[in-house]
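Asker: Next comes my_file-v2.txt, compact mmCIF, C-alpha atoms:
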# COMPACT_ATOMS: atom_id res chain seq x y z
CA MET A 22 -37.75 -19.04 2.50
CA ASN A 23 -34.60 -19.25 0.40
CA ASN A 24 -35.03 -19.39 -3.33
CA SER A 25 -32.08 -20.29 -5.54
CA GLN A 26 -33.02 -17.40 -7.82
CA ASN A 27 -32.75 -14.93 -4.95
CA PRO A 28 -29.34 -13.29 -4.60
CA VAL A 29 -27.28 -14.16 -1.53
CA ALA A 30 -24.42 -11.92 -0.39
CA ARG A 31 -21.15 -13.82 -0.03
CA LYS A 32 -19.75 -13.90 3.51
CA ASN A 33 -16.77 -16.25 3.44
CA ASP A 34 -13.21 -14.99 3.01
CA LEU A 35 -14.28 -11.36 3.12
CA VAL A 36 -13.20 -8.53 5.39
CA VAL A 37 -15.98 -5.94 5.49
CA GLN A 38 -15.65 -2.42 6.85
CA GLU A 39 -18.20 0.38 6.88
CA VAL A 40 -16.64 3.70 5.88
CA THR A 41 -19.18 6.51 6.43
CA ASP A 42 -21.74 5.87 3.66
CA GLU A 43 -19.65 3.36 1.76
CA VAL A 44 -18.70 -0.24 2.42
CA LEU A 45 -15.21 -1.57 1.84
CA VAL A 46 -14.93 -5.25 1.08
CA TYR A 47 -11.60 -7.07 0.87
CA ASP A 48 -11.72 -10.48 -0.76
CA LEU A 49 -9.07 -12.61 0.96
CA SER A 50 -9.26 -15.33 -1.69
CA SER A 51 -8.48 -13.04 -4.64
CA ASN A 52 -6.81 -10.12 -2.82
CA LYS A 53 -9.24 -7.73 -4.46
CA ALA A 54 -10.59 -4.69 -2.66
CA HIS A 55 -14.01 -3.29 -3.51
CA CYS A 56 -15.62 -0.02 -2.51
CA LEU A 57 -19.42 -0.17 -2.64
CA ASN A 58 -21.17 3.17 -2.71
CA GLU A 59 -24.24 3.67 -0.53
CA THR A 60 -26.75 2.26 -3.01
CA SER A 61 -24.74 -0.80 -4.05
CA ALA A 62 -24.04 -1.48 -0.36
CA LEU A 63 -27.76 -1.26 0.40
CA VAL A 64 -28.56 -3.78 -2.33
CA TRP A 65 -25.75 -6.10 -1.19
CA LYS A 66 -26.96 -6.04 2.41
CA SER A 67 -30.48 -6.90 1.22
CA CYS A 68 -29.24 -10.01 -0.60
CA ASP A 69 -30.06 -12.47 2.18
CA GLY A 70 -31.52 -15.26 0.05
CA THR A 71 -35.07 -14.62 1.20
CA ASN A 72 -35.53 -11.37 -0.72
CA SER A 73 -36.30 -11.57 -4.43
CA VAL A 74 -35.13 -8.80 -6.77
CA SER A 75 -38.62 -7.39 -6.57
CA ASP A 76 -38.46 -7.42 -2.72
CA ILE A 77 -35.06 -5.69 -2.81
CA THR A 78 -36.48 -3.06 -5.16
CA LYS A 79 -39.19 -2.27 -2.60
CA LEU A 80 -36.72 -2.34 0.30
CA VAL A 81 -34.31 0.06 -1.40
CA GLY A 82 -37.22 2.29 -2.42
CA ASN A 83 -38.53 2.42 1.15
CA THR A 84 -35.08 3.06 2.65
CA THR A 85 -34.12 5.84 0.26
CA GLY A 86 -37.59 7.29 -0.25
CA ALA A 87 -36.98 7.27 -4.00
CA ASN A 88 -38.84 5.57 -6.80
CA VAL A 89 -36.49 2.73 -7.71
CA SER A 90 -36.95 0.43 -10.72
CA GLU A 91 -35.99 -3.25 -10.94
CA ASP A 92 -33.42 -2.29 -13.60
CA PHE A 93 -31.71 -0.15 -10.96
CA ILE A 94 -31.41 -3.19 -8.67
CA TRP A 95 -30.24 -5.38 -11.54
CA LEU A 96 -27.53 -2.84 -12.27
CA ALA A 97 -26.23 -3.36 -8.73
CA ILE A 98 -26.60 -7.15 -8.89
CA ASP A 99 -24.75 -7.21 -12.20
CA GLN A 100 -21.76 -5.50 -10.56
CA LEU A 101 -21.99 -7.66 -7.43
CA ASN A 102 -21.85 -10.70 -9.75
CA GLU A 103 -18.83 -9.30 -11.53
CA SER A 104 -17.06 -8.58 -8.25
CA ASP A 105 -17.75 -12.09 -7.00
CA LEU A 106 -19.67 -10.76 -4.00
CA LEU A 107 -22.64 -13.10 -4.37
CA GLU A 108 -22.73 -16.76 -3.33
CA GLN A 109 -24.00 -17.76 -6.75
CA GLU A 110 -24.06 -15.87 -9.99
CA ILE A 111 -27.51 -14.51 -10.76
CA LYS A 112 -28.36 -14.24 -14.44
CA SER A 113 -28.86 -10.63 -15.40
CA SER A 114 -32.29 -9.72 -16.79
CA PHE A 115 -31.18 -6.82 -18.97
CA ALA A 116 -32.55 -8.74 -21.98
CA GLY A 117 -30.04 -7.78 -24.60
CA GLN A 118 -29.37 -4.26 -23.36
CA SER A 119 -25.83 -3.33 -22.49
CA ARG A 120 -24.99 -2.00 -19.04
CA ARG A 121 -24.25 1.35 -20.63
CA ASP A 122 -27.76 1.49 -22.17
CA VAL A 123 -29.31 0.62 -18.82
CA ILE A 124 -27.22 3.27 -17.03
CA LYS A 125 -28.34 5.86 -19.58
CA LYS A 126 -31.97 4.86 -19.10
CA ILE A 127 -31.88 4.73 -15.31
CA GLY A 128 -29.42 7.57 -14.85
CA LEU A 129 -31.74 10.16 -16.30
CA ALA A 130 -34.66 9.11 -14.15
CA SER A 131 -32.84 8.22 -10.94
CA MET A 132 -33.21 10.43 -7.88
CA ILE A 133 -30.46 8.56 -5.99
CA ALA A 134 -26.88 7.71 -6.87
CA LEU A 135 -26.46 4.84 -9.28
CA PRO A 136 -24.95 1.73 -7.69
CA VAL A 137 -21.20 1.76 -8.25
CA ILE A 138 -18.52 -0.69 -7.17
CA ALA A 139 -14.90 0.43 -7.56
CA SER A 140 -12.34 -2.38 -7.38
CA LEU A 141 -8.63 -3.03 -7.45
CA VAL A 142 -6.26 -5.92 -6.92
CA ALA A 143 -4.05 -5.42 -3.87
CA PRO A 144 -0.40 -5.61 -4.85
CA SER A 145 2.06 -8.10 -3.44
CA ASN A 146 4.27 -6.71 -0.67
CA ALA A 147 7.20 -6.00 -2.99
CA MET A 148 4.96 -4.15 -5.42
CA ALA A 149 3.60 -2.04 -2.56
CA ALA A 150 7.05 -1.27 -1.29
CA GLY A 151 8.09 -0.03 -4.70
CA SER A 152 11.73 0.54 -3.87
CA CYS A 153 12.96 -2.99 -4.30
CA ALA A 154 16.53 -3.95 -4.87
CA CYS A 155 17.92 -6.46 -7.31
CA VAL A 156 20.88 -8.72 -7.80
CA ALA A 157 20.01 -9.48 -11.40
CA VAL A 158 17.62 -8.33 -14.12
CA ALA A 159 15.54 -11.42 -13.43
CA ASP A 160 14.71 -9.97 -10.00
CA CYS A 161 13.13 -6.93 -11.61
CA SER A 162 10.02 -8.56 -12.94
CA VAL A 163 6.55 -9.59 -11.89
CA GLY A 164 6.64 -11.41 -8.60
CA MET A 165 9.65 -9.56 -7.28
CA CYS A 166 8.91 -6.03 -8.40
CA PRO A 167 7.08 -4.12 -11.10
CA ARG A 168 10.15 -2.66 -12.76
CA ALA A 169 11.87 -4.02 -15.81
CA GLY A 170 15.57 -3.52 -15.28
CA CYS A 171 18.37 -3.58 -12.74
CA ASN A 172 20.55 -0.45 -12.64
CA GLY A 173 23.62 -2.41 -11.62
CA LEU A 174 23.72 -0.68 -8.26
CA GLY A 175 21.15 -2.96 -6.72
CA ARG A 176 18.03 -0.96 -7.57
CA CYS A 177 15.24 -1.89 -9.95
CA ILE A 178 14.46 0.78 -12.52
CA MET B 23 16.59 -35.30 -10.22
CA THR B 24 19.49 -37.24 -11.75
CA GLY B 25 23.07 -36.45 -12.57
CA GLN B 26 23.35 -33.48 -10.23
CA ILE B 27 25.70 -33.46 -7.32
CA PRO B 28 24.25 -31.39 -4.49
CA VAL B 29 26.45 -28.44 -3.56
CA ILE B 30 27.39 -28.44 0.08
CA TYR B 31 27.98 -24.93 1.34
CA PRO B 32 29.96 -24.16 4.46
CA ALA B 33 27.80 -23.77 7.55
CA HIS B 34 26.35 -20.32 8.23
CA ASP B 35 27.61 -20.28 11.76
CA GLN B 36 27.69 -16.50 12.23
CA GLU B 37 24.35 -14.96 13.12
CA PHE B 38 22.88 -11.53 13.78
CA VAL B 39 19.44 -11.90 15.35
CA PHE B 40 17.19 -9.00 16.19
CA ARG B 41 13.63 -7.83 16.58
CA CYS B 42 12.32 -4.71 14.86
CA TYR B 43 8.71 -3.50 15.24
CA GLY B 44 7.99 -6.90 16.78
CA VAL B 45 9.39 -8.86 13.84
CA ALA B 46 12.16 -11.38 14.58
CA VAL B 47 14.88 -11.48 11.93
CA ALA B 48 18.02 -13.60 11.66
CA VAL B 49 20.83 -12.85 9.24
CA GLN B 50 23.21 -15.75 8.90
CA CYS B 51 26.59 -15.68 7.25
CA ILE B 52 29.72 -17.71 6.78
CA ASP B 53 32.21 -15.01 7.68
CA GLN B 54 32.09 -12.52 10.48
CA GLU B 55 33.41 -9.54 8.51
CA LEU B 56 30.59 -9.69 5.95
CA LEU B 57 28.04 -10.18 8.72
CA LEU B 58 29.34 -7.13 10.54
CA GLU B 59 28.98 -5.07 7.37
CA ALA B 60 25.41 -6.38 6.93
CA GLU B 61 24.63 -5.52 10.54
CA GLN B 62 25.84 -1.95 10.11
CA ARG B 63 23.77 -1.57 6.94
CA LEU B 64 20.64 -2.95 8.60
CA ARG B 65 21.03 -0.83 11.72
CA ALA B 66 21.19 2.29 9.54
CA ALA B 67 18.35 1.16 7.27
CA LEU B 68 16.09 0.45 10.25
CA MET B 69 17.17 3.60 12.06
CA ASN B 70 18.69 1.50 14.82
CA ARG B 71 15.22 0.59 16.01
CA ILE B 72 16.29 -2.94 16.73
CA GLU B 73 16.55 -5.07 19.79
CA ILE B 74 19.15 -7.83 19.76
CA ILE B 75 17.71 -11.26 20.53
CA ASP B 76 19.53 -14.08 22.21
CA ASN B 77 20.78 -16.66 19.71
CA SER B 78 18.85 -19.38 21.48
CA PHE B 79 15.59 -17.77 20.31
CA ASP B 80 13.32 -20.27 18.55
CA ILE B 81 14.59 -20.26 14.94
CA SER B 82 11.19 -21.20 13.48
CA ALA B 83 9.79 -17.85 14.67
CA LYS B 84 12.37 -15.86 12.71
CA HIS B 85 12.56 -14.55 9.20
CA CYS B 86 15.85 -15.97 8.12
CA PHE B 87 18.25 -14.47 5.56
CA LYS B 88 21.55 -15.91 4.40
CA ILE B 89 24.41 -14.12 2.69
CA GLY B 90 27.90 -15.23 1.85
CA LEU B 91 30.81 -15.44 -0.53
CA TYR B 92 31.33 -18.71 -2.37
CA LYS B 93 33.84 -19.36 -5.13
CA GLY B 94 34.29 -15.64 -5.83
CA SER B 95 30.58 -14.70 -5.98
CA TYR B 96 28.32 -13.22 -3.34
CA TYR B 97 24.92 -14.75 -2.72
CA TYR B 98 21.68 -13.97 -0.96
CA SER B 99 18.85 -16.22 0.13
CA GLY B 100 15.74 -15.20 2.06
CA ASN B 101 13.39 -17.45 4.00
CA GLY B 102 14.54 -20.58 2.23
CA SER B 103 14.40 -19.13 -1.28
CA GLU B 104 16.91 -20.13 -3.95
CA ARG B 105 20.21 -18.30 -3.84
CA SER B 106 20.65 -15.17 -5.97
CA TRP B 107 24.21 -14.49 -7.04
CA SER B 108 26.19 -11.39 -7.85
CA SER B 109 29.84 -10.50 -8.27
CA SER B 110 29.18 -7.29 -6.31
CA LYS B 111 29.04 -7.26 -2.53
CA THR B 112 27.24 -3.88 -2.61
CA VAL B 113 24.44 -5.29 -4.75
CA VAL B 114 23.91 -8.23 -2.42
CA LEU B 115 23.95 -6.03 0.67
CA ASN B 116 21.50 -3.60 -1.00
CA PHE B 117 19.26 -6.52 -1.78
CA LEU B 118 19.46 -7.88 1.76
CA GLU B 119 18.66 -4.43 3.15
CA SER B 120 15.63 -4.08 0.87
CA MET B 121 14.26 -7.51 1.70
CA VAL B 122 14.75 -7.15 5.46
CA ARG B 123 13.08 -3.73 5.47
CA LEU B 124 10.22 -5.14 3.45
CA THR B 125 9.82 -8.10 5.79
CA VAL B 126 9.70 -5.82 8.82
CA ALA B 127 7.23 -3.51 7.07
CA GLU B 128 4.95 -6.37 6.08
CA HIS B 129 4.98 -8.28 9.36
CA ALA B 130 5.21 -5.43 11.88
CA ILE B 131 3.15 -5.99 15.00
CA ASP B 132 0.50 -3.32 15.74
CA ARG B 133 1.78 -1.06 12.96
CA VAL B 134 0.76 -0.48 9.35
CA PHE B 135 3.55 0.55 6.98
CA ILE B 136 2.52 2.60 3.96
CA HIS B 137 5.03 3.38 1.26
CA SER B 138 4.68 7.12 1.58
CA GLY B 139 6.45 10.38 2.18
CA VAL B 140 5.37 12.17 5.36
CA VAL B 141 5.75 15.74 6.58
CA ALA B 142 3.87 17.70 9.23
CA ARG B 143 2.51 21.22 9.44
CA ASN B 144 0.64 22.71 12.37
CA GLY B 145 0.64 19.43 14.27
CA LYS B 146 -0.93 17.38 11.48
CA ALA B 147 0.68 15.03 9.03
CA ILE B 148 0.50 15.10 5.25
CA LEU B 149 0.93 11.65 3.69
CA ILE B 150 2.06 11.38 0.07
CA PRO B 151 1.88 7.70 -0.89
CA GLY B 152 3.84 6.73 -3.95
CA ASN B 153 6.15 4.28 -5.61
CA SER B 154 9.83 4.80 -6.12
CA TYR B 155 10.66 7.18 -8.94
CA SER B 156 7.39 9.04 -8.40
CA GLY B 157 9.32 12.10 -7.17
CA LYS B 158 8.26 11.62 -3.57
CA SER B 159 11.59 12.48 -1.93
CA THR B 160 12.02 15.57 -4.11
CA LEU B 161 8.59 16.82 -3.12
CA ILE B 162 9.17 16.02 0.56
CA ALA B 163 12.48 17.94 0.42
CA GLU B 164 10.74 20.98 -1.08
CA LEU B 165 7.99 20.82 1.56
CA VAL B 166 10.67 20.77 4.27
CA LYS B 167 12.30 23.82 2.67
CA ASN B 168 8.87 25.48 2.93
CA GLY B 169 8.74 24.92 6.67
CA ALA B 170 7.25 21.45 7.07
CA VAL B 171 8.62 19.10 9.73
CA TYR B 172 10.22 16.00 8.24
CA TYR B 173 8.80 12.59 9.19
CA SER B 174 9.85 10.23 6.41
CA ASP B 175 10.51 9.93 2.70
CA GLU B 176 9.79 6.22 2.68
CA TYR B 177 7.26 4.96 5.20
CA ALA B 178 4.22 6.29 6.96
CA ILE B 179 4.09 4.07 10.05
CA LEU B 180 0.58 4.07 11.49
CA ASP B 181 -0.49 2.77 14.87
CA GLU B 182 -3.87 1.25 15.77
CA ASN B 183 -5.35 4.71 16.37
CA GLY B 184 -4.31 5.99 12.97
CA LEU B 185 -1.50 8.18 14.33
CA VAL B 186 1.58 8.43 12.13
CA HIS B 187 5.01 7.72 13.64
CA SER B 188 8.21 9.13 12.20
CA PHE B 189 10.87 7.27 10.26
CA PRO B 190 13.20 10.18 9.55
CA ARG B 191 16.05 8.51 7.71
CA PRO B 192 18.17 10.74 5.45
CA LEU B 193 16.24 11.60 2.31
CA ALA B 194 17.16 9.38 -0.62
CA MET B 195 17.47 11.92 -3.40
CA ARG B 196 17.99 10.79 -6.95
CA GLY B 197 19.73 12.50 -9.80
CA ILE B 198 22.26 14.42 -7.69
CA GLU B 199 25.25 12.31 -8.71
CA ALA B 200 23.75 10.23 -11.50
CA GLU B 201 20.27 9.73 -12.96
CA HIS B 202 19.36 6.53 -11.12
CA SER B 203 21.69 6.58 -8.15
CA GLN B 204 20.56 7.72 -4.71
CA THR B 205 22.33 10.19 -2.49
CA ASP B 206 21.48 10.45 1.18
CA VAL B 207 20.63 14.01 2.17
CA THR B 208 20.09 14.96 5.81
CA VAL B 209 17.04 17.02 6.71
CA GLU B 210 19.32 19.50 8.50
CA SER B 211 21.20 20.20 5.26
CA LEU B 212 17.84 21.26 3.77
CA GLY B 213 17.38 23.71 6.65
CA GLY B 214 14.66 21.58 8.21
CA ILE B 215 14.07 19.49 11.30
CA ALA B 216 12.77 15.98 11.92
CA GLY B 217 9.67 15.34 14.01
CA TYR B 218 9.31 12.44 16.43
CA GLU B 219 5.90 12.97 18.03
CA PRO B 220 3.14 10.66 16.70
CA LEU B 221 0.60 12.83 14.87
CA PRO B 222 -2.91 12.56 13.46
CA VAL B 223 -3.11 12.63 9.67
CA GLY B 224 -4.60 15.82 8.21
CA MET B 225 -4.29 15.04 4.53
CA VAL B 226 -3.47 12.16 2.24
CA LEU B 227 -2.34 13.39 -1.15
CA ILE B 228 -2.67 10.99 -4.05
CA THR B 229 -0.58 12.54 -6.79
CA GLU B 230 1.87 11.90 -9.55
CA PHE B 231 4.24 14.18 -11.33
CA LYS B 232 3.49 15.20 -14.91
CA GLU B 233 5.36 17.98 -16.61
CA ASP B 234 2.31 19.72 -18.06
CA ALA B 235 -0.07 18.75 -15.24
CA VAL B 236 -2.76 21.12 -14.06
CA TRP B 237 -3.36 21.00 -10.31
CA GLU B 238 -7.07 20.16 -9.99
CA PRO B 239 -7.55 18.76 -6.50
CA VAL B 240 -10.57 16.60 -5.87
CA THR B 241 -11.61 15.32 -2.43
CA LEU B 242 -12.29 11.61 -2.50
CA GLU B 243 -15.01 10.02 -0.43
CA PRO B 244 -13.48 8.03 2.45
CA GLY B 245 -14.02 4.58 0.91
CA LYS B 246 -12.48 5.60 -2.39
CA GLY B 247 -9.67 7.20 -0.43
CA VAL B 248 -8.89 3.89 1.26
CA LEU B 249 -8.98 2.20 -2.13
CA GLU B 250 -6.31 4.64 -3.36
CA ILE B 251 -4.07 3.99 -0.32
CA ILE B 252 -4.34 0.18 -0.46
CA PRO B 253 -1.80 -0.24 -3.33
CA HIS B 254 0.85 1.39 -1.12
CA THR B 255 -0.04 -0.52 2.05
CA ILE B 256 2.64 -3.15 2.53
CA SER B 257 0.81 -5.39 5.01
CA ILE B 258 -2.53 -5.37 3.21
CA ARG B 259 -2.31 -9.04 2.24
CA PHE B 260 -0.66 -10.24 5.42
CA ASN B 261 -2.75 -8.45 8.04
CA THR B 262 -5.79 -7.28 6.08
CA GLU B 263 -8.29 -6.66 8.85
CA PHE B 264 -5.91 -4.62 11.00
CA ALA B 265 -4.60 -2.63 8.02
CA LEU B 266 -8.10 -1.79 6.77
CA GLY B 267 -9.19 -0.79 10.27
CA VAL B 268 -6.26 1.61 10.58
CA LEU B 269 -6.82 3.08 7.09
CA ASN B 270 -10.47 3.54 8.01
CA LYS B 271 -9.43 5.60 11.05
CA VAL B 272 -7.10 7.71 8.93
CA VAL B 273 -9.74 8.64 6.35
CA ALA B 274 -12.31 9.32 9.06
CA SER B 275 -10.36 12.42 10.08
CA ALA B 276 -8.13 13.24 7.10
CA SER B 277 -9.00 14.59 3.66
CA VAL B 278 -7.92 12.40 0.78
CA ILE B 279 -7.04 14.66 -2.14
CA LYS B 280 -6.22 13.52 -5.65
CA SER B 281 -4.67 15.39 -8.53
CA GLN B 282 -1.70 15.32 -10.84
CA ARG B 283 0.99 17.82 -9.99
CA HIS B 284 3.75 19.73 -11.72
CA ASP B 285 7.24 20.84 -10.65
CA ALA B 286 7.98 20.07 -6.97
CA LYS B 287 9.41 23.50 -6.15
CA GLN B 288 6.27 25.42 -7.16
CA PHE B 289 3.93 22.71 -6.04
CA ALA B 290 5.35 22.59 -2.50
CA LYS B 291 4.36 26.24 -2.03
CA ILE B 292 0.84 25.59 -3.34
CA LEU B 293 0.41 22.54 -1.13
CA SER B 294 1.74 24.29 1.98
CA ASN B 295 -0.71 27.18 1.50
CA LEU B 296 -3.51 24.78 0.77
CA PHE B 297 -2.89 22.78 3.91
CA ASP B 298 -2.56 25.86 6.11
CA ASN B 299 -5.84 27.30 4.80
CA SER B 300 -7.68 24.04 4.47
CA SER B 301 -11.25 25.14 3.99
CA ASN B 302 -13.29 25.12 0.81
CA TYR B 303 -10.24 24.34 -1.25
CA VAL B 304 -11.36 21.31 -3.14
CA LYS B 305 -14.30 20.26 -5.17
CA MET B 306 -16.17 17.05 -4.70
CA PRO B 307 -16.04 14.65 -7.65
What is this file in structure tokens?

Answerer:
Amino acid sequence: MNNSQNPVARKNDLVVQEVTDEVLVYDLSSNKAHCLNETSALVWKSCDGTNSVSDITKLVGNTTGANVSEDFIWLAIDQLNESDLLEQEIKSSFAGQSRRDVIKKIGLASMIALPVIASLVAPSNAMAAGSCACVAVADCSVGMCPRAGCNGLGRCI
Amino acid sequence: MTGQIPVIYPAHDQEFVFRCYGVAVAVQCIDQELLLEAEQRLRAALMNRIEIIDNSFDISAKHCFKIGLYKGSYYYSGNGSERSWSSSKTVVLNFLESMVRLTVAEHAIDRVFIHSGVVARNGKAILIPGNSYSGKSTLIAELVKNGAVYYSDEYAILDENGLVHSFPRPLAMRGIEAEHSQTDVTVESLGGIAGYEPLPVGMVLITEFKEDAVWEPVTLEPGKGVLEIIPHTISIRFNTEFALGVLNKVVASASVIKSQRHDAKQFAKILSNLFDNSSNYVKMP
């Protein structure tokens, strides 16, 4: 049964690709790309709305064979929240501790890799191309290209 | 809008319509001489990989660019955008060339264009993604001088299987005549040859030049490798699923290596040796 407090992985407007042990997620609405390591991917896949954080803790523990704490799962959920990969934001239960404190605490005891999500915003086509040309300095700015000036020969510098 | 009299430009009745990598492009112009010059520029920029389309081709399916000369100034307009003006014909033609190349690279059918230098050694390609002014062409030239086969100093063109196709235009070297100007250098003048056979990718090198850099190569896990290539992937927003699928195939078989690098001349030797003896050469992060 779904519980509004249970995390639900977002499905809409996402392109998802498995890359060996990692999962790549491209958010079509924000043009952000995320790389979920094995543990954060495992947590994300377990967020089906029926599993509570406590259920996910057991699931991840059983899958990895490691002793996993709820803080470990919250660390993943916190990053999934931040990356907008959950249907609804789930309030973190770190109770006043910073993420860094939690990482320190879990990191020392953890037998498996900490959940990590690396992200970036995909550039516009002109930014990706890099070698844009210009007819005026105004062309060499955000939206047209990342460079600040026109060299007078039609190239942004 | 009040008080403004709309400018009526002469009709753009001259047209050069072509398809390149499956992308239909129309360049329209008022006078034939300027259009002919644009056509020559575009043929060279796209390595003559174009197929002329009949003028009756459905205009709505084209990417349409307009250039012209009006009251002493040259102008450019792409896909209905506002006109950009310049007193220099060269600047406008450079701009047109850039925008057409970009359009083809972004909308290419069944191909993923990565802004990257490409050379090959021992039947495998080395991709060096990078922005302009990152020293890509200089490094590619040095790799060619060290025996690599030249594929491109601008685009890695990948097919659906992750094979890289060549785009061996003359290398655009900077700083030969002036600091920011480009000079075209043929691969033959460097003592090298161009390759044309599609090849699997052996290595993707994520690097940037830094004068005092220490070469400390690290192998990235495949997912992180894709994340590093995405900023250089021109069609990533337009054709996301296809582009990610192709990048996935590339990293499944290629190593993605990351490190800063120093001087291109010395570094090309290091990289060539590294690639030829590619076992146990990098540490995991």

Asker: Can you check which parts of chain B lie within 6 Å of chain A? Per residue, the shortest pair of atoms and distance in Å to one decimal, counting all atoms listed in the file, sorted by chain and number, as JSON lines.

Answerer:
{"residue": "B:Ser108", "atom": "CA", "partner": "A:Val156", "partner_atom": "CA", "distance": 5.9}
{"residue": "B:Val113", "atom": "CA", "partner": "A:Gly175", "partner_atom": "CA", "distance": 4.5}
{"residue": "B:Asn116", "atom": "CA", "partner": "A:Gly175", "partner_atom": "CA", "distance": 5.8}
{"residue": "B:Phe117", "atom": "CA", "partner": "A:Ala154", "partner_atom": "CA", "distance": 4.9}
{"residue": "B:Ser120", "atom": "CA", "partner": "A:Ala154", "partner_atom": "CA", "distance": 5.8}
{"residue": "B:His137", "atom": "CA", "partner": "A:Ala150", "partner_atom": "CA", "distance": 5.7}
{"residue": "B:Asn153", "atom": "CA", "partner": "A:Gly151", "partner_atom": "CA", "distance": 4.8}
{"residue": "B:Ser154", "atom": "CA", "partner": "A:Ser152", "partner_atom": "CA", "distance": 5.2}
{"residue": "B:Gly245", "atom": "CA", "partner": "A:Val40", "partner_atom": "CA", "distance": 5.7}
{"residue": "B:Pro253", "atom": "CA", "partner": "A:Ala143", "partner_atom": "CA", "distance": 5.7}
{"residue": "B:His254", "atom": "CA", "partner": "A:Ala149", "partner_atom": "CA", "distance": 4.6}
{"residue": "B:Ile256", "atom": "CA", "partner": "A:Asn146", "partner_atom": "CA", "distance": 5.1}

Asker: In Å, with one decimal, what is the gap from atom CA of Thr255 of chain B to atom CA of Ala142 of chain B?

Answerer: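 Answer for the atom CA of Thr255 of chain B to atom CA of Ala142 of chain B separation: 20.0 Å.
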
Asker: Quick check, in Å to one decimal: how far apart do atom CA of Arg259 of chain B and atom CA of Ile228 of chain B lie?

Answerer: 21.0 Å

Asker: Please indicate the distance in Å from atom CA of Val268 of chain B to atom CA of Pro151 of chain B, rounded to one decimal place.

Answerer: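 Atom CA of Pro151 of chain B lies 15.3 Å from atom CA of Val268 of chain B.
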
Asker: Counting all atoms listed in the file, note down every residue that has an atom within 9 Å of the point (0.6, 12.3, 18.5) (file coordinates), as a PyMOL selection string.

Answerer: chain B and resi 145-146+185-187+218-222

Asker: Taking into account all atoms listed in the file, which residue in the set A:Asn27, A:Leu101, A:Ser51, A:Ile133 is nearest to Asn88 of chain A?

Answerer: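 Closest residue, counting all atoms listed in the file: A:Ile133.
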
Asker: Which residues are close to Glu233 of chain B, i.e. within 10 Å by only C-alpha atoms, leaving aside same-chain residues fewer than 6 positions away? Reply as a PyMOL selection string.

Answerer: chain B and resi 282-285

Asker: I'd like the contact shell of Gln204 of chain B - 6 Å cut-off, only C-alpha atoms, skipping same-chain residues fewer than 4 positions apart - returned as a ChimeraX atom specification.

Answerer: /B:194-196

Asker: Here is a test: counting only C-alpha atoms, which residue of B:Lys246, B:Gly184, B:Ala127, B:His34 is nearest to Tyr92 of chain B?

Answerer: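 Smallest separation from Tyr92 of chain B among the options: B:His34.
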
Asker: Nearest to Tyr96 of chain B among B:Leu56, B:Ala163, B:Ile148, B:Leu227, with distances taken over only C-alpha atoms: which residue is it?

Answerer: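 Smallest separation from Tyr96 of chain B among the options: B:Leu56.
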
Asker: Please list as a list in words every residue within 10 Å of segment 72-80 of chain A, counting all atoms listed in the file and excluding residues in the same chain fewer than 6 positions away.

Answerer: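 Residues near the query, excluding close chain neighbours: Met22, Asn23, Asn24, Ser25, Gln26, Asn27, Pro28, Val29, Leu63, Val64, Trp65, Lys66, Gly86, Ala87, Asn88, Val89, Ser90, Glu91, Asp92, Phe93, Ile94, Trp95 and Ile98 of chain A.
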
Asker: Using only C-alpha atoms for the distances, tell me which of B:Asn101, B:Ser106, B:Ser277, B:Gln54 is nearest to Thr125 of chain B.

Answerer: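 Counting only C-alpha atoms, the residue closest to Thr125 of chain B is B:Asn101.
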
Asker: Residues at most 7 Å from segment 206-215 of chain B, counting only C-alpha atoms, excluding those fewer than 2 positions away in the same chain, as a list in words?

Answerer: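 Once the adjacent positions are removed, what remains is Val166, Lys167, Gly169, Val171, Tyr172, Pro192, Leu193, Ala194, Met195, Gln204 and Gly217 of chain B.
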
Asker: Output segment 81-87 of chain A as a tab-separated table (two decimals), in the coordinates of the input, making sure N, CA and C atoms are there.

Answerer:
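Saved to result_32.tsv:
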chain	number	residue	atom	x	y	z
A	81	VAL	N	-35.18	-1.08	-1.09
A	81	VAL	CA	-34.31	0.06	-1.40
A	81	VAL	C	-35.16	1.32	-1.58
A	82	GLY	N	-36.31	1.16	-2.24
A	82	GLY	CA	-37.22	2.29	-2.42
A	82	GLY	C	-37.67	2.86	-1.09
A	83	ASN	N	-38.08	1.97	-0.17
A	83	ASN	CA	-38.53	2.42	1.15
A	83	ASN	C	-37.41	3.09	1.94
A	84	THR	N	-36.20	2.52	1.88
A	84	THR	CA	-35.08	3.06	2.65
A	84	THR	C	-34.66	4.44	2.15
A	85	THR	N	-34.63	4.57	0.82
A	85	THR	CA	-34.12	5.84	0.26
A	85	THR	C	-35.23	6.86	0.03
A	86	GLY	N	-36.47	6.39	0.02
A	86	GLY	CA	-37.59	7.29	-0.25
A	86	GLY	C	-37.69	7.67	-1.72
A	87	ALA	N	-36.96	6.96	-2.56
A	87	ALA	CA	-36.98	7.27	-4.00
A	87	ALA	C	-37.73	6.18	-4.76
